[in-house]
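First the structure, in the form of structure tokens, and then the observations on it.
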Amino acid sequence: MNTFLKSDIKFLKGVGGVRAEILNKDLGIFTFGDLLSYYPFRYVDRSQYFRISEIEQDSSFIQLKGKIVHVEELGVKQKSRLVATFTDGESELELLWFKGVKWIKSNIKIGEEIVIFGKPSFFNGKVNMTHPELDTVANRKNAAGLEAVYHTTEQMKNRRVESKAIRVMMKNVLTNEQLDIPEIFSQEMCEKYKLIPRRKAFRFIHHPPSARHIDAAQYRFKFEELFFLQLPFINQKLKRGDKAEGIKFGKQNPLFEEFVKTHLPFSLTGAQDR
């Protein structure tokens, strides 16, 4: 039996003891299998790049390419914040971090071309982005257009276990040569209900090539959930049928039949007569 999915999450590349502890406590993830069953709640399109000049008041999460040209730490101790100036060559916006300031500051390289992703906002007529996701241009070249987004807690964010980190963990499980996800339904059943293979469903739900692949994976997992919810009730019904056929009544008592014929002002229905 393949025990890969039962492996302790702390042994997964990129996790370790500290991250494993927060995954255990906040998400109830203890094994590789638990991680795979932690599904994203939405997806974002990372195939398009915007210019700063194109940002509007109602803009959602967007992706920009450019450079950080200035960074400084303001405030003291727990109230410190990191402020950086980002430019796409034409316009500028302000990047803000209130958590993980020292770690982020140490990883910023002034003048290096990078990709930022986040939700822009306006303050005093100027556009800014709080806690954006930073990545290198090289890393984004082979990245998928659609990316999964996972729920995370404040404690997880403080430990830098954010959606991006979870995506990396998922990839490390799904690309591992030891991964073995057996099919739980017969081939006939999969064909009848148009279910994609279970291994593909996990890959598509976490790293979808397109929206069509997301739909196929979600359909598969919704079918599974409903199937196993109904299975105990069907099994219970079959067991009841095997144990007792119900009470069978023979011919009614003559006195009862006489009463029905002579004293009831109406006729019995077929069900009542039975």
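We label chains A, B, ... in the order they appear in the structure tokens, count residues from 1 in each chain, and number ligands from 1 in the order shown.
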### Query
Can you list, as a ChimeraX atom specification, every residue of stretch 19-268 of chain A that DSSP puts in helix (DSSP H, G or I)?
/A:19-27,32-36,52-54,77-79,101-107,137-141,154-158,163-174,187-193,198-206,211-243,254-263
#### Entry: A:Val15 surroundings by only C-alpha atoms, 12 Å radius, close-in-sequence under 2 positions cut, as a PyMOL selection string
chain A and resi 8-13+17-24+29-32+35+159-161+165-170+172-173
What does the file look like for those residues with N, CA, C and O atoms, as a CSV table (one decimal), in the first residue's frame?
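Once everything was written out, this is out29.csv:
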chain,number,residue,atom,x,y,z
A,8,ASP,N,3.6,12.7,7.3
A,8,ASP,CA,3.4,13.9,8.1
A,8,ASP,C,3.8,15.1,7.3
A,8,ASP,O,4.8,15.2,6.6
A,9,ILE,N,3.0,16.2,7.4
A,9,ILE,CA,3.1,17.4,6.5
A,9,ILE,C,4.5,18.1,6.8
A,9,ILE,O,5.0,18.7,5.9
A,10,LYS,N,5.0,17.9,8.0
A,10,LYS,CA,6.3,18.6,8.2
A,10,LYS,C,7.5,18.0,7.4
A,10,LYS,O,8.5,18.7,7.3
A,11,PHE,N,7.3,16.9,6.8
A,11,PHE,CA,8.3,16.3,5.9
A,11,PHE,C,8.2,16.7,4.5
A,11,PHE,O,9.1,16.3,3.7
A,12,LEU,N,7.2,17.5,4.1
A,12,LEU,CA,7.1,18.0,2.8
A,12,LEU,C,8.1,19.1,2.5
A,12,LEU,O,8.2,20.0,3.4
A,13,LYS,N,8.7,19.1,1.4
A,13,LYS,CA,9.6,20.2,1.0
A,13,LYS,C,9.0,21.6,1.1
A,13,LYS,O,7.9,21.8,0.6
A,17,GLY,N,9.1,22.1,10.6
A,17,GLY,CA,8.4,22.1,11.9
A,17,GLY,C,7.5,23.3,12.2
A,17,GLY,O,6.4,23.1,12.7
A,18,VAL,N,8.0,24.5,11.9
A,18,VAL,CA,7.3,25.7,12.3
A,18,VAL,C,6.0,25.8,11.4
A,18,VAL,O,4.9,26.1,12.0
A,19,ARG,N,6.1,25.7,10.1
A,19,ARG,CA,5.0,25.8,9.3
A,19,ARG,C,4.0,24.7,9.5
A,19,ARG,O,2.8,24.8,9.4
A,20,ALA,N,4.5,23.5,9.8
A,20,ALA,CA,3.7,22.3,10.0
A,20,ALA,C,2.8,22.6,11.2
A,20,ALA,O,1.6,22.2,11.3
A,21,GLU,N,3.4,23.2,12.3
A,21,GLU,CA,2.6,23.5,13.5
A,21,GLU,C,1.4,24.4,13.2
A,21,GLU,O,0.3,24.2,13.7
A,22,ILE,N,1.7,25.4,12.4
A,22,ILE,CA,0.6,26.4,12.1
A,22,ILE,C,-0.5,25.7,11.2
A,22,ILE,O,-1.7,26.0,11.3
A,23,LEU,N,0.0,24.9,10.3
A,23,LEU,CA,-1.0,24.1,9.4
A,23,LEU,C,-1.8,23.2,10.3
A,23,LEU,O,-3.1,23.1,10.0
A,24,ASN,N,-1.2,22.5,11.2
A,24,ASN,CA,-2.0,21.6,12.1
A,24,ASN,C,-3.0,22.4,12.9
A,24,ASN,O,-4.2,22.0,13.0
A,29,ILE,N,-4.5,20.5,9.0
A,29,ILE,CA,-3.7,19.7,8.0
A,29,ILE,C,-2.6,19.0,8.7
A,29,ILE,O,-1.7,19.7,9.2
A,30,PHE,N,-2.6,17.7,8.7
A,30,PHE,CA,-1.5,16.9,9.3
A,30,PHE,C,-0.7,16.1,8.3
A,30,PHE,O,0.4,15.7,8.6
A,31,THR,N,-1.3,15.7,7.2
A,31,THR,CA,-0.7,14.8,6.2
A,31,THR,C,-0.7,15.4,4.8
A,31,THR,O,-1.4,16.4,4.6
A,32,PHE,N,0.0,14.8,3.9
A,32,PHE,CA,0.0,15.2,2.5
A,32,PHE,C,-1.4,15.1,2.0
A,32,PHE,O,-1.8,16.0,1.2
A,35,LEU,N,-3.5,18.0,3.0
A,35,LEU,CA,-3.2,19.2,2.2
A,35,LEU,C,-3.9,19.2,0.8
A,35,LEU,O,-4.5,20.2,0.4
A,159,ARG,N,3.4,34.2,9.9
A,159,ARG,CA,4.5,33.2,9.7
A,159,ARG,C,4.8,33.0,8.3
A,159,ARG,O,5.5,32.1,7.9
A,160,ARG,N,4.3,33.9,7.4
A,160,ARG,CA,4.5,33.8,6.0
A,160,ARG,C,4.0,32.5,5.3
A,160,ARG,O,4.6,32.0,4.4
A,161,VAL,N,3.0,32.0,5.9
A,161,VAL,CA,2.3,30.8,5.2
A,161,VAL,C,1.0,31.4,4.6
A,161,VAL,O,-0.1,31.3,5.1
A,165,ALA,N,2.5,30.4,-0.6
A,165,ALA,CA,3.2,29.3,0.0
A,165,ALA,C,2.4,27.9,-0.1
A,165,ALA,O,3.0,26.9,-0.3
A,166,ILE,N,1.1,28.0,0.0
A,166,ILE,CA,0.3,26.8,-0.1
A,166,ILE,C,0.3,26.3,-1.5
A,166,ILE,O,0.4,25.1,-1.7
A,167,ARG,N,0.3,27.2,-2.5
A,167,ARG,CA,0.4,26.7,-3.9
A,167,ARG,C,1.7,26.0,-4.1
A,167,ARG,O,1.7,24.9,-4.8
A,168,VAL,N,2.8,26.4,-3.6
A,168,VAL,CA,4.1,25.8,-3.7
A,168,VAL,C,4.0,24.4,-3.1
A,168,VAL,O,4.5,23.4,-3.6
A,169,MET,N,3.4,24.3,-1.9
A,169,MET,CA,3.3,23.0,-1.2
A,169,MET,C,2.5,22.0,-2.0
A,169,MET,O,2.9,20.9,-2.2
A,170,MET,N,1.4,22.5,-2.6
A,170,MET,CA,0.5,21.7,-3.5
A,170,MET,C,1.3,21.1,-4.6
A,170,MET,O,1.3,19.9,-5.0
A,172,ASN,N,4.5,20.6,-4.8
A,172,ASN,CA,5.5,19.7,-4.4
A,172,ASN,C,4.9,18.3,-4.1
A,172,ASN,O,5.6,17.3,-4.3
A,173,VAL,N,3.6,18.3,-3.7
A,173,VAL,CA,2.9,17.0,-3.6
A,173,VAL,C,2.5,16.4,-4.9
A,173,VAL,O,2.8,15.2,-5.2
### Query
Which is closer to A:Gln48 than all the others in A:Ile196, A:Val127, A:Ala144, A:Ala217, using only C-alpha atoms?
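Among the listed residues, A:Ala144 lies closest to A:Gln48.
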Hey, what's within 6 Å of stretch 37-46 of chain A if we count only C-alpha atoms and toss same-chain stuff fewer than 2 positions away? As an mmCIF file with N, CA, C and O atoms, in the first residue's frame, please?
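Output contents, as saved in selection-v8.cif:
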data_model
loop_
_atom_site.group_PDB
_atom_site.id
_atom_site.type_symbol
_atom_site.label_atom_id
_atom_site.label_comp_id
_atom_site.auth_asym_id
_atom_site.auth_seq_id
_atom_site.Cartn_x
_atom_site.Cartn_y
_atom_site.Cartn_z
ATOM 1 N N ASP A 34 -4.225 15.424 3.627
ATOM 2 C CA ASP A 34 -5.021 16.533 4.158
ATOM 3 C C ASP A 34 -4.784 17.790 3.333
ATOM 4 O O ASP A 34 -5.725 18.548 3.061
ATOM 5 N N LEU A 35 -3.544 18.022 2.956
ATOM 6 C CA LEU A 35 -3.203 19.218 2.168
ATOM 7 C C LEU A 35 -3.919 19.195 0.826
ATOM 8 O O LEU A 35 -4.503 20.207 0.411
ATOM 9 N N GLN A 48 -2.572 38.421 -17.443
ATOM 10 C CA GLN A 48 -2.567 39.791 -17.962
ATOM 11 C C GLN A 48 -1.782 40.741 -17.061
ATOM 12 O O GLN A 48 -1.840 40.659 -15.838
ATOM 13 N N GLY A 145 -1.650 30.703 -15.976
ATOM 14 C CA GLY A 145 -2.450 31.915 -16.085
ATOM 15 C C GLY A 145 -3.455 32.035 -14.970
ATOM 16 O O GLY A 145 -3.692 33.107 -14.433
ATOM 17 N N LEU A 146 -4.059 30.892 -14.602
ATOM 18 C CA LEU A 146 -5.016 30.868 -13.494
ATOM 19 C C LEU A 146 -4.330 30.326 -12.247
ATOM 20 O O LEU A 146 -3.681 29.286 -12.297
ATOM 21 N N GLU A 147 -4.496 31.029 -11.140
ATOM 22 C CA GLU A 147 -3.879 30.587 -9.893
ATOM 23 C C GLU A 147 -4.917 30.437 -8.800
ATOM 24 O O GLU A 147 -5.823 31.266 -8.665
ATOM 25 N N ALA A 148 -4.765 29.387 -8.010
ATOM 26 C CA ALA A 148 -5.677 29.128 -6.896
ATOM 27 C C ALA A 148 -5.384 30.068 -5.743
ATOM 28 O O ALA A 148 -4.232 30.428 -5.499
ATOM 29 N N VAL A 149 -6.441 30.455 -5.041
ATOM 30 C CA VAL A 149 -6.312 31.298 -3.852
ATOM 31 C C VAL A 149 -6.923 30.534 -2.681
ATOM 32 O O VAL A 149 -8.051 30.043 -2.770
ATOM 33 N N TYR A 150 -6.165 30.445 -1.583
ATOM 34 C CA TYR A 150 -6.592 29.666 -0.423
ATOM 35 C C TYR A 150 -6.851 30.570 0.782
ATOM 36 O O TYR A 150 -6.181 31.586 0.959
#
### Task
Just list the residues in stretch 56-160 of chain A DSSP gives strand (DSSP E) on the backbone, as JSON, numbers by chain.
{"A": [62, 63, 64, 65, 66, 67, 68, 69, 70, 71, 72, 73, 74, 81, 82, 83, 84, 85, 86, 87, 92, 93, 94, 95, 96, 97, 113, 114, 115, 116, 117, 118, 120, 121, 122, 123, 126, 127, 128, 129, 130, 133, 134, 135, 136, 146, 147, 148, 149]}
### Message
To one decimal place in Å, what is the distance between atom CA of A:Thr87 and atom CA of A:Arg140?
### Response
18.3 Å
### Message
Excluding A:Tyr219 and its own-chain neighbours fewer than 3 positions away, which residues fall within 10 Å of it when counting only C-alpha atoms? Please give them as a list in words.
### Response
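After dropping sequence-adjacent residues, the list is Tyr193, Lys194, Leu195, Ile196, Ala201, His213, Ile214, Asp215, Ala216, Lys222, Phe223, Glu224 and Glu225 of chain A.
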